[in-house]
Every structure is written in C-alpha cells, then in structure tokens.
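Here is the structure we will look at, set down as structure tokens.
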Amino acid sequence: MASPEQRLAAVVRVLAASMLFCMAFSGSLWVSHRLYPLTPALGLVPPFPRPLDLAVALLLAGLLVAVAARPLAWPPAAAAVALVALLFAQDQSRLWPSFYTFFLLLVLALGHDRRGGPQAAARTLSGMQFAVAAIYFWGGVHKLTPHFFHEEFPWFIEPLTRLLPIPSAWIPVFGIAAAIFEMAFAIGLLTRRFRRFALWEALAMHALVFVCIGPIRGHWNDSAWAWSLTMAAVAWVLFHAAAPFDATLTLSGPMKLLAPQGAVAVLVGIMPLLNGVNRWDSALSFNVYSGNQSSAVVVLRPEAVDRLPPPVAAHITRGDASAVLDLNAWSMSEFNACVYPERRVFRRLFAQICRWVGPDAAQMVIVEKATWFTPKATTTHDCGGP
C-alpha cells in the first residue's frame, strides 16, 4: 500500500493532468478575444489584451505541468490556484463543474502541511475523499426529478435503447434507479464495508457515461465525457486500496490548515442544497444532466440574422416569421460544452446579441429551472429591458 504522501502526490498529479486534459477540449474558453462574451464576476478582472490572454493561458498550462512534476511543492500549486481563481473571476463561464472540482481539490492540496508527515497527508486525503463523495452525492440528488426520469435519462441512454429491447415504460424506472445508485455509491465510498464495491460502481457509471455521450455520440459535448474519465481516474487514485475515510482526522490539526478543509467542505457539502431553491448555481452544485437546469433562446426578426457574425448565425433555426438562436449550440461550438446555465450569463450573451442586431430586433426567452417547490417558469426579455 502506498504511503499517504505517495498517494497524495499521485492524486495531485492526476488532478493537474486532468485539468490539462479538459482544457485541451476548450481552448478558446481561456482567452479573452472571442465572439462569445466574457461574463466577469463583479467586473473586477477586465479582459486581458491580445496576446496577453494567450500568454496567461499558456502560463496556466505551464504551472499545471510544474504541479504534476512537483506535486507536493507549495509554490507551483499556489500559483496555479491563484491564477485559476483570477480566470474564474474574469469569466464565470469557466466555472464548469469539471474545472471547479479540480480547483477545489487543488485548494485542499495547497492546504497540506508539508512538514506534518503521514498524518498531515492522510488528513488532506480524507478531505479530498469527502469532497469527491459529496460531488457524486449531489449529482444523484439533483437527478431526483421528473425532468430527469422522463426527459433527460431517455435521451441520455438512447445509444443503449437503440441496441437493447428496453420497454419505454421501464426507462423512467431505470432513471430513478440511476439517481439513487449515484447517491448510494457516493455514501458507500466513505464507508469501510462498502467502499470497494462503491468504487467499482462509480467506475461503471463513468464507463456508461463514456458509452452514452462519448465520441460515438458525435463529439457534440466532448468536455462532458472528458470530465467523466478524469473523475474516474481521481476516484481510483483516492479510494483504491486507501485508508478509509476518517471524519475525525479530517477535522483535526491547526486551525490555519483546517481553513481550506472547512471551506471546501461547505462548498461541496452544504451549498449545493441551495440549488434546490435556485439560490446557488447549478454548475457549482454539480447539477449536470438532470434535465432541470435553466435554459434560454433568442428570438430574432428574420432580417436581423444577417447582422450577426457568421459563426453565430450558423446556430440560427429559421421560421416563417422569426429566427431562433440556440445559446447552448453557440456555446457548444465555441467551447465544446453547454452554456453556463444561469440568468446573469444569459443576459450578458443577450446584451452582446442586441449590440449586433439593434434594440428592436430580438427577444430572449428564459426557462428558469424548477425548484423543489415550484415548476419551471418562463420569462421574456427585450433588449435594454430588466
């Protein structure tokens, strides 16, 4: 069995490699100059001028390589975490669940006491185990919705239903089982008795994800299966033949070293609960492929389509009296991933479209995700409107 320090080093190497792997599918996400507008948090970090934006992206890649080479060294990890935080603030669209997960786990690695020996490494590993299990758990919780059972899940497993004679009436039942399955193995990963079985269940889920939305599905969302594969690798290194999760150990140690553990525990353990009442972002709550996320389309007058840049106009569906721009399709073409599913991001995109087509040529229709207590709600917005 590897020592705690060796295992922690392996986890950090996998994290750095995973982030680089996922960045490779979304190169334009990490530069400032593109048609898809940046959505800065509070306007604190302005766009970097060209070619500085490219240099910063390459610097991040170089720092991740340095982290992989020296996984327990503090300077490259601290620099990488700081730069990722800066880039997140510059553009909220970068806060995909994948990059958010890698960031939080690197924060935990940064809080590791390099002079604390095996116990300090074991403490950090326990914090990481809790974080990964919580991510799986909330992923299952958010799928406990009719939108997943009847809409998302049947679409998701379509590659299988084309091959297997599964009665359509049973598919929602399997959707319910899939959500409970994900929650169950998340809890199992933190137990002594069921951890090994739970780990194999997690790997089986990731294999299914690869089959259902991987390259054979047409490369429409490569970032999703890339994240799934990297999470499988992280879970294997964290849990396979490892010491069991120890909550007492996780909460022990000097207060200054517990700050990262506590912050990450709150962010992955508690805050996703607020997504159920639309008070915390879906991406930050690991609410993915649940069928219950906010979405938006832009409806334009047909004559306004020619005012759009051709790469954006390519995602227009024309009708007799209007044309519809699918914001999700635009994001997919730019970044290989879905649009960040929050109203403030939709409005930023809509503002850019209004600048291109004029104030009276477009409307945006937002479908707000359902809460635990209210159904989905639809609102319409005009250029310059609230």
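We label chains A, B, ... in the order they appear in the structure tokens, count residues from 1 in each chain, and number ligands from 1 in the order shown.
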
Shell around Pro97 in chain A at 8 Å using only C-alpha atoms, local window under 3 positions removed, as an mmCIF file with N, CA and C atoms, in the first residue's frame:
data_model
loop_
_atom_site.group_PDB
_atom_site.id
_atom_site.type_symbol
_atom_site.label_atom_id
_atom_site.label_comp_id
_atom_site.auth_asym_id
_atom_site.auth_seq_id
_atom_site.Cartn_x
_atom_site.Cartn_y
_atom_site.Cartn_z
ATOM 1 N N TYR A 100 -14.188 23.543 -11.672
ATOM 2 C CA TYR A 100 -14.495 23.882 -10.282
ATOM 3 C C TYR A 100 -14.045 22.749 -9.360
ATOM 4 N N THR A 101 -14.293 21.512 -9.762
ATOM 5 C CA THR A 101 -13.855 20.360 -8.970
ATOM 6 C C THR A 101 -12.339 20.316 -8.851
ATOM 7 N N ALA A 283 -24.071 24.733 -11.846
ATOM 8 C CA ALA A 283 -22.722 24.211 -12.103
ATOM 9 C C ALA A 283 -21.939 24.027 -10.815
ATOM 10 N N LEU A 284 -22.134 24.937 -9.853
ATOM 11 C CA LEU A 284 -21.418 24.844 -8.580
ATOM 12 C C LEU A 284 -22.077 23.844 -7.637
ATOM 13 N N SER A 285 -23.220 23.336 -8.045
ATOM 14 C CA SER A 285 -23.947 22.342 -7.243
ATOM 15 C C SER A 285 -23.845 20.955 -7.858
ATOM 16 N N PHE A 286 -23.090 20.833 -8.958
ATOM 17 C CA PHE A 286 -22.890 19.557 -9.656
ATOM 18 C C PHE A 286 -24.217 19.012 -10.178
#

- Task: Could you please write out, as an MDAnalysis selection string, every residue of range 60-286 of chain A that DSSP assigns to alpha helix (DSSP H)?
- Result: chainID A and resid 60:69 74:90 97:110 117:141 146:147 153:156 158:161 171:188 195:213 222:239 247:250 255:269

How would the residues just picked look written out with C-alpha atoms as a short mmCIF file (atom, residue, chain, number, x, y, z; two decimals), in the first residue's frame?
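And here is the file that came out, selection.cif:
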data_model
loop_
_atom_site.label_atom_id
_atom_site.label_comp_id
_atom_site.auth_asym_id
_atom_site.auth_seq_id
_atom_site.Cartn_x
_atom_site.Cartn_y
_atom_site.Cartn_z
CA LEU A 60 -1.57 28.23 -16.50
CA ALA A 61 -0.74 25.17 -18.59
CA GLY A 62 2.91 25.51 -17.61
CA LEU A 63 2.03 25.80 -13.92
CA LEU A 64 -0.08 22.66 -14.13
CA VAL A 65 2.85 20.83 -15.69
CA ALA A 66 5.01 22.07 -12.81
CA VAL A 67 2.42 20.85 -10.30
CA ALA A 68 2.45 17.43 -11.96
CA ALA A 69 6.24 17.37 -11.80
CA TRP A 74 3.86 24.71 -2.46
CA PRO A 75 4.92 27.46 -4.97
CA PRO A 76 3.60 25.95 -8.24
CA ALA A 77 0.37 24.79 -6.57
CA ALA A 78 -0.22 28.22 -5.01
CA ALA A 79 0.48 29.99 -8.29
CA ALA A 80 -1.86 27.66 -10.21
CA VAL A 81 -4.68 28.08 -7.68
CA ALA A 82 -4.30 31.88 -7.69
CA LEU A 83 -4.29 32.07 -11.48
CA VAL A 84 -7.32 29.81 -11.84
CA ALA A 85 -9.21 31.95 -9.29
CA LEU A 86 -8.32 35.05 -11.31
CA LEU A 87 -9.52 33.46 -14.54
CA PHE A 88 -12.75 32.33 -12.88
CA ALA A 89 -13.40 35.90 -11.75
CA GLN A 90 -12.70 37.16 -15.26
CA PRO A 97 -18.22 21.57 -12.73
CA SER A 98 -15.03 19.96 -14.02
CA PHE A 99 -12.73 22.95 -13.52
CA TYR A 100 -14.50 23.88 -10.28
CA THR A 101 -13.86 20.36 -8.97
CA PHE A 102 -10.18 20.42 -9.93
CA PHE A 103 -9.81 23.86 -8.35
CA LEU A 104 -11.35 22.81 -5.03
CA LEU A 105 -9.22 19.68 -4.80
CA LEU A 106 -6.10 21.69 -5.59
CA VAL A 107 -7.08 24.11 -2.81
CA LEU A 108 -7.13 21.14 -0.45
CA ALA A 109 -3.70 20.07 -1.71
CA LEU A 110 -2.45 23.61 -1.15
CA GLY A 117 4.35 13.80 7.79
CA PRO A 118 1.98 10.92 7.01
CA GLN A 119 -0.78 12.18 9.30
CA ALA A 120 -0.95 15.54 7.52
CA ALA A 121 -1.11 13.81 4.14
CA ALA A 122 -3.81 11.46 5.44
CA ARG A 123 -5.80 14.48 6.66
CA THR A 124 -5.68 16.08 3.22
CA LEU A 125 -6.63 12.82 1.53
CA SER A 126 -9.65 12.45 3.83
CA GLY A 127 -10.78 15.94 2.87
CA MET A 128 -10.45 15.06 -0.80
CA GLN A 129 -12.37 11.81 -0.30
CA PHE A 130 -15.22 13.70 1.31
CA ALA A 131 -15.26 16.28 -1.50
CA VAL A 132 -15.39 13.67 -4.27
CA ALA A 133 -18.08 11.66 -2.49
CA ALA A 134 -20.14 14.83 -1.95
CA ILE A 135 -19.88 15.70 -5.65
CA TYR A 136 -21.25 12.28 -6.58
CA PHE A 137 -23.97 12.54 -3.93
CA TRP A 138 -25.31 15.89 -5.12
CA GLY A 139 -25.12 14.70 -8.70
CA GLY A 140 -27.58 11.98 -7.71
CA VAL A 141 -29.79 14.23 -5.60
CA PRO A 146 -39.36 14.00 -13.25
CA HIS A 147 -37.37 16.08 -15.74
CA PHE A 153 -32.48 9.96 -18.96
CA PRO A 154 -34.33 8.55 -22.02
CA TRP A 155 -32.26 10.86 -24.23
CA PHE A 156 -29.05 10.04 -22.33
CA GLU A 158 -30.51 6.42 -26.35
CA PRO A 159 -27.35 4.66 -27.66
CA LEU A 160 -28.31 1.70 -25.46
CA THR A 161 -32.03 1.68 -26.19
CA ILE A 171 -36.99 3.71 -18.80
CA PRO A 172 -38.19 6.23 -16.16
CA VAL A 173 -37.91 3.47 -13.55
CA PHE A 174 -34.30 2.92 -14.57
CA GLY A 175 -33.82 6.70 -14.34
CA ILE A 176 -34.99 6.67 -10.72
CA ALA A 177 -32.66 3.75 -10.03
CA ALA A 178 -29.73 5.62 -11.66
CA ALA A 179 -30.21 8.66 -9.41
CA ILE A 180 -30.44 6.52 -6.27
CA PHE A 181 -27.48 4.42 -7.47
CA GLU A 182 -25.27 7.52 -7.70
CA MET A 183 -26.27 8.70 -4.23
CA ALA A 184 -25.73 5.22 -2.78
CA PHE A 185 -22.20 4.68 -4.08
CA ALA A 186 -21.29 8.22 -3.00
CA ILE A 187 -22.15 7.29 0.57
CA GLY A 188 -20.53 3.88 0.15
CA ARG A 195 -16.05 1.29 -0.26
CA ARG A 196 -14.56 -1.25 -2.67
CA PHE A 197 -17.95 -2.12 -4.15
CA ALA A 198 -18.91 1.56 -4.32
CA LEU A 199 -15.71 2.38 -6.18
CA TRP A 200 -16.46 -0.22 -8.84
CA GLU A 201 -19.99 1.17 -9.08
CA ALA A 202 -18.55 4.64 -9.68
CA LEU A 203 -16.24 3.33 -12.39
CA ALA A 204 -19.17 1.50 -14.01
CA MET A 205 -21.13 4.77 -14.10
CA HIS A 206 -18.23 6.58 -15.75
CA ALA A 207 -17.95 3.79 -18.32
CA LEU A 208 -21.67 4.16 -19.07
CA VAL A 209 -21.26 7.92 -19.46
CA PHE A 210 -18.47 7.37 -21.97
CA VAL A 211 -20.61 4.96 -23.98
CA CYS A 212 -23.68 7.20 -23.94
CA ILE A 213 -22.16 10.63 -24.61
CA ASP A 222 -16.52 16.21 -25.56
CA SER A 223 -15.90 18.15 -22.35
CA ALA A 224 -18.55 16.13 -20.50
CA TRP A 225 -17.08 12.70 -21.14
CA ALA A 226 -13.56 14.10 -20.67
CA TRP A 227 -14.55 15.23 -17.16
CA SER A 228 -16.16 11.85 -16.53
CA LEU A 229 -12.97 10.00 -17.43
CA THR A 230 -10.83 12.27 -15.29
CA MET A 231 -13.18 11.84 -12.32
CA ALA A 232 -12.85 8.09 -12.72
CA ALA A 233 -9.07 8.46 -12.52
CA VAL A 234 -9.28 10.75 -9.47
CA ALA A 235 -11.68 8.39 -7.69
CA TRP A 236 -9.45 5.38 -8.37
CA VAL A 237 -6.30 7.02 -7.00
CA LEU A 238 -8.14 8.43 -3.98
CA PHE A 239 -10.06 5.33 -2.90
CA ALA A 247 -14.05 12.40 9.59
CA THR A 248 -12.24 12.94 12.89
CA LEU A 249 -8.88 13.12 11.14
CA THR A 250 -10.30 15.50 8.52
CA MET A 255 -6.81 25.98 12.57
CA LYS A 256 -4.90 27.68 9.74
CA LEU A 257 -4.58 24.34 7.98
CA LEU A 258 -8.23 23.49 8.57
CA ALA A 259 -9.44 26.59 6.75
CA PRO A 260 -9.17 25.01 3.26
CA GLN A 261 -10.76 21.79 4.53
CA GLY A 262 -13.66 23.69 6.09
CA ALA A 263 -14.22 25.98 3.11
CA VAL A 264 -14.28 23.11 0.61
CA ALA A 265 -16.49 21.02 2.90
CA VAL A 266 -19.06 23.83 2.99
CA LEU A 267 -18.87 24.44 -0.77
CA VAL A 268 -19.39 20.79 -1.74
CA GLY A 269 -21.28 19.52 1.29
#

- Item | Those in range 203-310 of chain A with strand (DSSP E) from DSSP, as a PyMOL selection string | chain A and resi 295-300

Based on the selection just made, write C-alpha atoms of those residues as a PDB file, in the first residue's frame.
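Output contents, as saved in out04.pdb:
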ATOM      1  CA  SER A 295     -32.006  27.499 -20.432  1.00  0.00           C
ATOM      2  CA  ALA A 296     -32.507  30.331 -22.893  1.00  0.00           C
ATOM      3  CA  VAL A 297     -33.030  31.034 -26.586  1.00  0.00           C
ATOM      4  CA  VAL A 298     -33.003  34.303 -28.502  1.00  0.00           C
ATOM      5  CA  VAL A 299     -35.803  35.021 -30.961  1.00  0.00           C
ATOM      6  CA  LEU A 300     -34.877  37.441 -33.763  1.00  0.00           C
TER       7      LEU A 300
END

- Message: I'd like to know which of A:Ser290, A:Asp246, A:Val56, A:Arg13 is closest to Phe149 in chain A, using only C-alpha atoms.
- Response: A:Ser290

So that I can see what lies close to Gln6 in chain A, please list as a CSV table (one decimal) with N, CA and C atoms, in the first residue's frame the residues with an atom at most 10 Å from it, counting only C-alpha atoms and leaving out residues fewer than 3 positions away in the same chain.
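Generated output (selection15.csv):
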chain,number,residue,atom,x,y,z
A,1,MET,N,0.8,-1.2,0.0
A,1,MET,CA,0.0,0.0,0.0
A,1,MET,C,0.9,1.2,0.0
A,2,ALA,N,0.5,2.2,-0.8
A,2,ALA,CA,1.3,3.4,-0.9
A,2,ALA,C,1.2,4.2,0.4
A,3,SER,N,2.2,5.0,0.8
A,3,SER,CA,2.1,5.8,1.9
A,3,SER,C,1.2,7.0,1.7
A,9,ALA,N,0.6,12.7,-3.5
A,9,ALA,CA,1.4,13.1,-4.7
A,9,ALA,C,0.7,12.6,-6.0
A,10,ALA,N,0.3,11.3,-5.9
A,10,ALA,CA,-0.4,10.7,-7.1
A,10,ALA,C,-1.7,11.4,-7.4
A,11,VAL,N,-2.4,11.7,-6.4
A,11,VAL,CA,-3.7,12.4,-6.6
A,11,VAL,C,-3.5,13.8,-7.3
A,71,PRO,N,4.4,17.6,-7.2
A,71,PRO,CA,3.0,17.6,-6.7
A,71,PRO,C,2.9,18.1,-5.2
A,72,LEU,N,4.0,18.0,-4.4
A,72,LEU,CA,3.9,18.4,-3.0
A,72,LEU,C,4.6,19.7,-2.8
A,118,PRO,N,3.1,11.7,7.5
A,118,PRO,CA,2.0,10.9,7.0
A,118,PRO,C,0.6,11.4,7.5
A,121,ALA,N,-0.7,14.3,5.5
A,121,ALA,CA,-1.1,13.8,4.1
A,121,ALA,C,-2.4,13.1,4.2
